[in-house]
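Text of protein_12.tsv, listed as TSV, C-alpha atoms:
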chain	number	residue	atom	x	y	z
A	1	MET	CA	41.28	51.21	10.28
A	2	ILE	CA	41.28	52.82	6.81
A	3	LYS	CA	37.52	52.23	6.63
A	4	LEU	CA	37.07	54.01	9.97
A	5	ILE	CA	39.09	56.99	8.77
A	6	GLN	CA	37.10	57.10	5.50
A	7	LYS	CA	33.85	56.96	7.46
A	8	PHE	CA	35.00	59.80	9.75
A	9	ILE	CA	36.07	62.02	6.81
A	10	SER	CA	32.80	61.36	4.96
A	11	LYS	CA	30.82	62.19	8.11
A	12	VAL	CA	32.70	65.47	8.61
A	13	LEU	CA	32.19	66.42	4.95
A	14	ASN	CA	28.53	65.45	5.15
A	15	ASN	CA	28.04	67.65	8.20
A	16	LEU	CA	29.82	70.54	6.48
A	17	PHE	CA	27.57	70.39	3.44
A	18	LYS	CA	24.41	69.18	5.13
A	19	LYS	CA	22.70	72.57	5.06
A	20	LYS	CA	23.36	73.04	1.35
A	21	LYS	CA	21.78	69.86	0.07
A	22	HIS	CA	18.17	68.75	0.07
A	23	VAL	CA	17.53	66.43	3.00
A	24	LYS	CA	15.93	63.18	1.87
A	25	LEU	CA	13.40	62.00	4.42
A	26	GLY	CA	12.42	58.40	3.74
A	27	LEU	CA	9.31	56.57	4.87
A	28	TYR	CA	10.13	52.90	5.39
A	29	GLY	CA	8.39	49.91	6.88
A	30	PRO	CA	6.49	46.71	6.16
A	31	PRO	CA	3.50	46.70	3.76
A	32	ASN	CA	0.24	48.19	5.05
A	33	GLY	CA	1.85	50.07	7.93
A	34	GLY	CA	0.46	53.37	6.65
A	35	LYS	CA	3.50	54.97	4.98
A	36	THR	CA	1.53	56.49	2.11
A	37	THR	CA	-1.30	57.54	4.45
A	38	LEU	CA	1.27	59.45	6.50
A	39	ALA	CA	2.91	60.82	3.33
A	40	ASN	CA	-0.51	62.03	2.16
A	41	ARG	CA	-1.15	63.63	5.55
A	42	ILE	CA	2.18	65.51	5.39
A	43	CYS	CA	1.60	66.56	1.77
A	44	GLN	CA	-1.99	67.64	2.44
A	45	ASP	CA	-0.95	69.64	5.50
A	46	TRP	CA	1.91	71.48	3.80
A	47	LEU	CA	1.30	71.30	0.04
A	48	GLY	CA	-2.46	70.82	-0.14
A	49	GLU	CA	-2.22	67.71	-2.32
A	50	ASP	CA	-1.92	63.92	-1.98
A	51	MET	CA	1.23	61.92	-2.63
A	52	GLY	CA	-0.15	58.51	-3.62
A	53	SER	CA	-3.10	56.17	-3.48
A	54	VAL	CA	-3.85	54.08	-0.40
A	55	SER	CA	-5.63	50.77	-0.03
A	56	ASN	CA	-6.26	47.98	2.47
A	57	VAL	CA	-4.63	45.55	0.06
A	58	ALA	CA	-0.91	45.14	0.71
A	59	HIS	CA	1.67	46.50	-1.76
A	60	GLU	CA	-0.48	49.39	-2.98
A	61	THR	CA	2.71	51.47	-3.30
A	62	ARG	CA	5.00	49.60	-5.66
A	63	GLU	CA	7.24	52.40	-6.84
A	64	ILE	CA	9.39	54.94	-5.02
A	65	GLN	CA	7.50	58.24	-4.88
A	66	ILE	CA	9.14	61.58	-4.19
A	67	LYS	CA	7.70	64.97	-3.26
A	68	GLU	CA	10.34	67.66	-3.39
A	69	GLN	CA	10.78	70.77	-1.31
A	70	ILE	CA	8.27	70.23	1.46
A	71	ASN	CA	8.59	73.12	3.86
A	72	ILE	CA	7.11	72.70	7.33
A	73	LYS	CA	6.96	75.41	9.99
A	74	SER	CA	6.36	75.48	13.71
A	75	GLY	CA	6.70	78.91	15.34
A	76	SER	CA	10.09	80.25	14.34
A	77	LYS	CA	11.34	76.81	13.29
A	78	GLU	CA	11.39	75.76	9.68
A	79	LEU	CA	12.34	72.51	7.97
A	80	THR	CA	12.64	71.74	4.26
A	81	PHE	CA	12.98	68.22	2.92
A	82	ASN	CA	12.30	65.90	0.00
A	83	LEU	CA	9.84	63.24	1.10
A	84	VAL	CA	10.47	59.73	-0.24
A	85	ASP	CA	7.65	57.22	0.12
A	86	THR	CA	8.90	53.66	-0.40
A	87	PRO	CA	7.14	50.37	-1.15
A	88	GLY	CA	6.70	48.13	1.90
A	89	ILE	CA	9.52	45.68	2.52
A	90	ALA	CA	8.59	41.99	2.70
A	91	THR	CA	10.39	38.66	2.43
A	92	ARG	CA	7.55	36.87	0.63
A	93	ILE	CA	5.10	37.86	-2.08
A	94	ASP	CA	2.52	35.40	-3.31
A	95	TYR	CA	0.12	36.45	-6.06
A	96	GLU	CA	-2.48	34.04	-4.62
A	97	GLU	CA	-2.84	36.41	-1.65
A	98	PHE	CA	-4.18	39.02	-4.08
A	99	LEU	CA	-6.65	36.50	-5.53
A	100	LYS	CA	-8.20	36.26	-2.07
A	101	VAL	CA	-9.17	39.93	-2.18
A	102	GLY	CA	-10.94	39.46	-5.50
A	103	MET	CA	-8.28	40.32	-8.06
A	104	LYS	CA	-8.16	38.51	-11.39
A	105	GLU	CA	-5.19	36.18	-11.87
A	106	GLU	CA	-3.43	38.38	-14.40
A	107	GLU	CA	-3.85	41.47	-12.27
A	108	ALA	CA	-2.65	39.60	-9.18
A	109	LYS	CA	0.44	38.29	-10.96
A	110	ALA	CA	1.28	41.74	-12.30
A	111	ARG	CA	0.85	43.27	-8.85
A	112	ALA	CA	3.09	40.61	-7.30
A	113	LYS	CA	5.78	41.23	-9.93
A	114	GLU	CA	5.66	44.99	-9.39
A	115	ALA	CA	5.70	44.47	-5.62
A	116	THR	CA	8.91	42.41	-5.76
A	117	LYS	CA	10.55	45.17	-7.81
A	118	GLY	CA	9.28	47.70	-5.27
A	119	VAL	CA	10.96	45.85	-2.39
A	120	ILE	CA	14.25	45.73	-4.32
A	121	ASP	CA	14.06	49.49	-5.01
A	122	SER	CA	13.29	50.25	-1.36
A	123	ILE	CA	16.40	48.36	-0.25
A	124	LYS	CA	18.55	50.00	-2.95
A	125	TRP	CA	17.35	53.43	-1.81
A	126	LEU	CA	18.46	52.88	1.79
A	127	ASP	CA	21.86	54.38	0.92
A	128	GLU	CA	20.25	57.51	-0.50
A	129	MET	CA	18.43	58.55	2.67
A	130	ASP	CA	19.56	61.24	5.09
A	131	THR	CA	16.94	60.47	7.71
A	132	VAL	CA	14.28	57.78	7.93
A	133	ILE	CA	10.88	57.45	9.53
A	134	ILE	CA	9.89	53.85	10.14
A	135	VAL	CA	6.12	53.52	9.95
A	136	LEU	CA	4.77	50.51	11.83
A	137	ASP	CA	1.21	49.29	12.23
A	138	GLY	CA	0.62	49.75	15.97
A	139	THR	CA	-1.90	46.91	16.04
A	140	LYS	CA	0.61	44.29	14.86
A	141	ASP	CA	3.58	42.50	16.37
A	142	PRO	CA	6.54	44.83	15.74
A	143	TYR	CA	9.14	42.17	16.51
A	144	THR	CA	9.52	40.89	12.96
A	145	GLN	CA	12.77	40.21	11.18
A	146	VAL	CA	11.89	42.68	8.41
A	147	ASN	CA	11.57	45.51	10.93
A	148	ILE	CA	14.75	44.45	12.72
A	149	THR	CA	16.66	44.16	9.44
A	150	ILE	CA	15.55	47.59	8.16
A	151	ILE	CA	16.38	49.32	11.45
A	152	GLY	CA	19.67	47.41	11.78
A	153	ASN	CA	20.70	48.46	8.28
A	154	LEU	CA	19.88	52.10	8.95
A	155	ALA	CA	21.89	51.96	12.19
A	156	ALA	CA	24.82	50.39	10.30
A	157	ARG	CA	24.67	53.30	7.83
A	158	ASP	CA	24.46	55.91	10.63
A	159	ILE	CA	21.10	57.14	9.33
A	160	PRO	CA	18.92	58.69	12.07
A	161	VAL	CA	15.67	56.80	12.68
A	162	LEU	CA	12.35	57.89	14.16
A	163	ILE	CA	9.68	55.23	14.68
A	164	ILE	CA	6.01	55.96	14.12
A	165	ALA	CA	3.45	53.70	15.76
A	166	ASN	CA	0.59	54.25	13.34
A	167	LYS	CA	-3.14	53.45	13.53
A	168	SER	CA	-3.67	54.77	17.06
A	169	ASP	CA	-7.37	55.10	16.19
A	170	LEU	CA	-7.76	51.32	16.25
A	171	LYS	CA	-8.68	49.31	19.35
A	172	ARG	CA	-5.78	46.87	19.24
A	173	PHE	CA	-3.21	49.69	18.98
A	174	ASN	CA	-0.33	49.11	21.37
A	175	GLN	CA	2.47	51.67	21.33
A	176	LYS	CA	4.17	50.14	24.37
A	177	LYS	CA	4.84	46.94	22.42
A	178	ILE	CA	6.74	48.91	19.79
A	179	GLU	CA	8.64	50.87	22.43
A	180	ALA	CA	9.61	47.60	24.12
A	181	ALA	CA	10.78	46.07	20.83
A	182	PHE	CA	12.97	49.06	19.92
A	183	PRO	CA	13.92	50.70	23.23
A	184	GLN	CA	16.82	52.67	21.77
A	185	TYR	CA	14.55	54.71	19.44
A	186	ASP	CA	11.96	57.45	19.93
A	187	VAL	CA	8.45	56.22	19.18
A	188	ILE	CA	5.56	58.56	18.38
A	189	GLY	CA	2.01	57.18	18.31
A	190	ILE	CA	-0.23	58.70	15.64
A	191	SER	CA	-3.19	58.06	13.41
A	192	GLY	CA	-2.08	59.07	9.93
A	193	LYS	CA	-5.61	58.51	8.68
A	194	TYR	CA	-7.33	60.89	11.11
A	195	GLY	CA	-4.39	63.14	11.96
A	196	LYS	CA	-4.43	62.20	15.65
A	197	ASN	CA	-1.23	63.38	17.40
A	198	ILE	CA	0.17	64.64	14.09
A	199	ASP	CA	1.39	67.87	15.73
A	200	LYS	CA	3.50	65.80	18.09
A	201	PHE	CA	4.93	64.05	15.05
A	202	TYR	CA	5.88	67.39	13.44
A	203	GLU	CA	7.44	68.55	16.73
A	204	ALA	CA	9.48	65.34	16.84
A	205	LEU	CA	10.50	65.87	13.23
A	206	PHE	CA	12.07	69.22	14.14
A	207	THR	CA	13.95	67.74	17.08
A	208	PHE	CA	14.87	64.67	15.06
A	209	ALA	CA	16.22	66.72	12.16
A	210	GLY	CA	18.25	68.78	14.64
A	211	LYS	CA	16.53	72.10	13.93
B	1	MET	CA	7.42	16.20	5.80
B	2	VAL	CA	9.56	19.16	6.78
B	3	THR	CA	13.34	18.97	6.30
B	4	LEU	CA	15.65	21.05	8.46
B	5	GLN	CA	19.22	21.57	7.25
B	6	LEU	CA	21.81	22.65	9.76
B	7	VAL	CA	24.53	24.91	8.34
B	8	PRO	CA	27.54	25.38	10.65
B	9	TYR	CA	29.10	28.83	10.54
B	10	SER	CA	32.34	27.28	9.26
B	11	GLU	CA	30.53	26.44	6.00
B	12	ILE	CA	29.90	30.10	5.17
B	13	GLU	CA	32.82	31.66	7.00
B	14	LEU	CA	35.14	31.88	4.01
B	15	LEU	CA	32.48	32.71	1.44
B	16	SER	CA	31.87	36.19	0.07
B	17	SER	CA	28.55	37.90	0.90
B	18	VAL	CA	27.18	36.86	-2.49
B	19	GLY	CA	28.35	33.29	-1.88
B	20	ARG	CA	26.76	33.13	1.55
B	21	ILE	CA	23.43	34.40	0.29
B	22	ARG	CA	23.51	32.07	-2.71
B	23	LYS	CA	24.25	29.04	-0.54
B	24	LEU	CA	21.49	29.73	1.99
B	25	LEU	CA	18.91	30.69	-0.61
B	26	ASN	CA	19.66	27.60	-2.70
B	27	ILE	CA	18.90	25.39	0.31
B	28	ALA	CA	15.64	27.25	1.00
B	29	LYS	CA	14.69	26.91	-2.67
B	30	GLU	CA	15.02	23.12	-2.26
B	31	ASN	CA	12.10	23.45	0.19
B	32	LYS	CA	14.30	22.90	3.23
B	33	ILE	CA	14.35	25.02	6.36
B	34	VAL	CA	17.85	26.39	6.97
B	35	LEU	CA	19.19	26.53	10.51
B	36	LEU	CA	22.35	28.60	10.28
B	37	GLN	CA	24.71	28.71	13.24
B	38	GLY	CA	25.27	32.40	13.90
B	39	ARG	CA	24.00	35.19	11.72
B	40	LEU	CA	24.66	37.13	8.55
B	41	LYS	CA	25.88	40.72	8.63
B	42	LYS	CA	23.05	43.27	8.68
B	43	GLU	CA	23.84	44.34	5.13
B	44	GLU	CA	23.77	40.69	4.06
B	45	GLU	CA	20.33	40.23	5.62
B	46	ALA	CA	19.02	43.12	3.50
B	47	GLU	CA	20.79	41.70	0.46
B	48	LEU	CA	19.20	38.31	1.15
B	49	ILE	CA	15.75	39.93	1.03
B	50	LYS	CA	16.69	41.73	-2.19
B	51	VAL	CA	17.98	38.60	-3.92
B	52	THR	CA	14.92	36.67	-2.70
B	53	MET	CA	12.66	39.23	-4.38
B	54	GLU	CA	14.64	38.95	-7.61
B	55	GLU	CA	14.06	35.21	-7.68
B	56	ILE	CA	10.36	35.05	-6.87
B	57	ASN	CA	8.39	33.15	-9.48
B	58	LYS	CA	5.39	30.82	-9.63
B	59	ASP	CA	7.25	28.09	-7.70
B	60	PHE	CA	9.24	30.20	-5.26
B	61	LYS	CA	7.17	32.66	-3.21
B	62	GLY	CA	9.92	33.97	-0.97
B	63	ILE	CA	11.18	33.18	2.49
B	64	GLU	CA	10.45	33.64	6.16
B	65	LEU	CA	13.47	34.82	8.09
B	66	ALA	CA	14.27	35.08	11.80
B	67	VAL	CA	17.44	35.65	13.76
B	68	ILE	CA	17.86	34.81	17.41
B	69	ASP	CA	20.75	36.80	18.79
B	70	ALA	CA	21.58	35.74	22.32
B	71	SER	CA	24.20	38.48	22.64
B	72	ALA	CA	21.46	41.09	22.14
B	73	ASN	CA	19.72	39.83	25.28
B	74	SER	CA	19.24	42.85	27.53
B	75	LYS	CA	19.68	40.64	30.60
B	76	LEU	CA	23.36	40.12	29.79
B	77	ASN	CA	25.64	42.28	31.89
B	78	GLY	CA	28.22	44.68	30.45
B	79	LEU	CA	31.11	42.23	30.70
B	80	SER	CA	29.18	39.45	28.94
B	81	LYS	CA	28.13	41.85	26.17
B	82	PHE	CA	31.71	43.02	25.77
B	83	ARG	CA	32.94	39.42	25.66
B	84	ALA	CA	30.30	38.58	23.02
B	85	SER	CA	31.29	41.55	20.86
B	86	VAL	CA	34.99	40.60	21.09
B	87	VAL	CA	34.17	37.02	20.09
B	88	ASN	CA	32.11	38.31	17.17
B	89	ALA	CA	34.89	40.64	16.06
B	90	LEU	CA	37.49	37.85	16.18
B	91	LEU	CA	35.52	34.87	14.94
B	92	GLY	CA	32.64	36.38	12.95
B	93	GLU	CA	28.97	36.42	13.86
B	94	ARG	CA	28.90	32.88	15.26
B	95	GLN	CA	26.52	33.61	18.07
B	96	GLY	CA	22.81	33.13	17.74
B	97	LEU	CA	20.79	31.21	15.19
B	98	THR	CA	19.33	32.18	11.83
B	99	VAL	CA	16.25	30.43	10.49
B	100	ILE	CA	15.38	30.73	6.81
B	101	GLY	CA	12.29	28.88	5.68
B	102	PRO	CA	10.74	28.77	2.20
B	103	ALA	CA	7.41	30.63	2.16
B	104	SER	CA	5.75	27.55	0.64
B	105	ILE	CA	6.42	25.66	3.89
B	106	VAL	CA	6.76	28.27	6.61
B	107	LYS	CA	3.74	30.50	6.98
B	108	GLU	CA	5.08	32.64	9.74
B	109	ILE	CA	7.91	32.79	12.23
B	110	LYS	CA	6.94	34.24	15.57
B	111	ARG	CA	9.85	35.32	17.66
B	112	ASP	CA	10.98	36.97	20.81
B	113	PRO	CA	14.63	37.50	21.62
B	114	THR	CA	15.27	33.90	22.72
B	115	LYS	CA	12.44	31.81	21.27
B	116	ILE	CA	11.19	31.00	17.78
B	117	GLU	CA	7.87	29.44	16.74
B	118	LEU	CA	7.51	28.20	13.19
B	119	LEU	CA	4.01	28.08	11.80
B	120	THR	CA	3.94	25.80	8.80
B	121	THR	CA	1.39	25.93	6.00
B	122	ASP	CA	-1.17	23.23	5.39
B	123	LYS	CA	-0.48	21.67	2.00
B	124	LYS	CA	-4.15	20.72	1.62
B	125	PHE	CA	-5.09	24.38	1.77
B	126	ASN	CA	-7.54	25.46	-0.91
B	127	PRO	CA	-6.87	29.11	-1.81
B	128	LYS	CA	-10.52	29.64	-2.73
B	129	LYS	CA	-11.53	29.20	0.92
B	130	THR	CA	-10.18	32.38	2.36
B	131	GLY	CA	-9.17	32.64	6.00
B	132	LYS	CA	-8.75	28.90	6.51
B	133	ARG	CA	-4.97	28.97	6.17
B	134	ALA	CA	-4.31	30.77	9.43
B	135	LYS	CA	-6.47	28.36	11.38
B	136	ASN	CA	-4.65	25.41	9.87
B	137	GLY	CA	-1.21	26.75	10.72
B	138	LYS	CA	0.65	24.14	12.72
B	139	LYS	CA	3.14	24.98	15.40
B	140	ARG	CA	6.38	23.05	15.30
Give the structure from the file, written as structure tokens.
Amino acid sequence: MIKLIQKFISKVLNNLFKKKKHVKLGLYGPPNGGKTTLANRICQDWLGEDMGSVSNVAHETREIQIKEQINIKSGSKELTFNLVDTPGIATRIDYEEFLKVGMKEEEAKARAKEATKGVIDSIKWLDEMDTVIIVLDGTKDPYTQVNITIIGNLAARDIPVLIIANKSDLKRFNQKKIEAAFPQYDVIGISGKYGKNIDKFYEALFTFAGK
Amino acid sequence: MVTLQLVPYSEIELLSSVGRIRKLLNIAKENKIVLLQGRLKKEEEAELIKVTMEEINKDFKGIELAVIDASANSKLNGLSKFRASVVNALLGERQGLTVIGPASIVKEIKRDPTKIELLTTDKKFNPKKTGKRAKNGKKR
């Protein structure tokens, strides 16, 4: 009961001061879903610069990256946020997987070590987020425990979630599968790489952020 | 040979979150597949992933994790869902089944709300021959 009252008071205070603080918008999801590609798209569109490097090899982003004060506009609407790009969350990391894509053993081991630290940081940062965009690869099975665990944890923390079905430019893209897996959430299909449907994403961002 | 270890909910019921995670992870690190009656709390699931990452080394590559939650079945009617949530509130998250497999044994867990398929790795796999692992995955 005390917990419930504490939660209620903290929610009321949060709502009171929401407009004064910088909203942290987090990009979460499994590795290689396209979080950094989407972050780059947002940063290019509104700041004219990239946020981080992208690659086909998993765990390219191994540190939390933040771009502050991104201001996006649509007609009379305006939204300012700090964008937080997080390393992909996984339950297993094997350096031998990196050997298969041609990395040297030392490099592969270092990447694996950094990747494990990245996953830990991503989970630690869950509490810091005000709103979260889950970026999923629309060509893959969305019904994985990692996805369910991330979304379940955000729901438990009362953090609003918008799901992006990314890679709509690819043949095997299937947005309906993601919608069926997470029917209680809004799903927007985009191609972060080519900017397909990105306007719809920005529109959703305004609605989602309650502006 | 694959060893499955059944863990009744009563074995973790009185443990703290840290204790629960430690117990389950220790079993997985012994190269056994854990079948836990019920499920962890959502925060504990995230903590399990975090602790797993902290412990990855050359021998332990992580885990595969899946939770079957029968009470989340959309086909259940309102009364059944309510009953399930009351039972969970009173007795803990006893419903459903949690599978935790060491990554060295379990390659992938495919799941839908009420079914789990474990794909185990082939021990004879030679990492130099890329792409062969997936084809050798065995369904159990």
TODO: Dump as a PyMOL selection string the residues of chain B that approach chain A to within 6 Å, counting all atoms listed in the file.
DONE: chain B and resi 42+49-50+53+61-63+66
Task: Which of A:Gln184, A:Ser74, A:Thr86, A:Gln175 sits closest to A:Tyr202 [using all atoms listed in the file] - done: A:Ser74
Task: Best match for closeness to B:Gln95 among B:Thr114, B:Gln37, B:Thr120, B:Asn57, counting all atoms listed in the file - done: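 Ranking B:Thr114, B:Gln37, B:Thr120, B:Asn57 by distance to B:Gln95, first place goes to B:Gln37.
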Task: Polymer residues at most 8 Å from (14.3, 68.9, 1.5) by all atoms listed in the file, as a PyMOL selection string - done: chain A and resi 21-25+68-71+79-83
- [ ] May I ask for the distance between atom CA of B:Val51 and atom CA of B:Leu119, given in Å to one decimal place?
- [x] 23.5 Å
- [ ] Can you pull out every residue within 9 Å of B:Leu6, counting only C-alpha atoms, but drop anything in the same chain fewer than 4 positions away, and send it as a list in words?
- [x]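 Final neighbour list, sorted by chain and number: Ile33, Val34, Leu35, Leu36 and Gln37 of chain B.
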With C-alpha atoms retained, could you export that selection as a PDB file, in the coordinates of the input?
ATOM      1  CA  ILE B  33      14.350  25.020   6.360  1.00  0.00           C
ATOM      2  CA  VAL B  34      17.850  26.390   6.970  1.00  0.00           C
ATOM      3  CA  LEU B  35      19.190  26.530  10.510  1.00  0.00           C
ATOM      4  CA  LEU B  36      22.350  28.600  10.280  1.00  0.00           C
ATOM      5  CA  GLN B  37      24.710  28.710  13.240  1.00  0.00           C
TER       6      GLN B  37
END
Task: Given all atoms listed in the file as the counted atoms, nearest of A:Ile198, A:Val187, A:Ala204, A:Leu27 to A:Gln65 - done: A:Leu27
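Interatomic distance, atom CA of A:Thr207 against atom CA of A:Thr139: 26.2 Å.
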Open item on the list: From the options A:Asn32, A:Lys177, A:Ile159, A:Thr37, which residue's atoms come nearest to A:Met129, counting all atoms listed in the file?
Closed with: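 Of the candidates, the smallest distance to A:Met129 is held by A:Ile159.
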Task: Straight-line distance linking atom CA of A:Pro31 with atom CA of A:Ala58, stated in Å to one decimal - done: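 Separation of atom CA of A:Pro31 and atom CA of A:Ala58: 5.6 Å.
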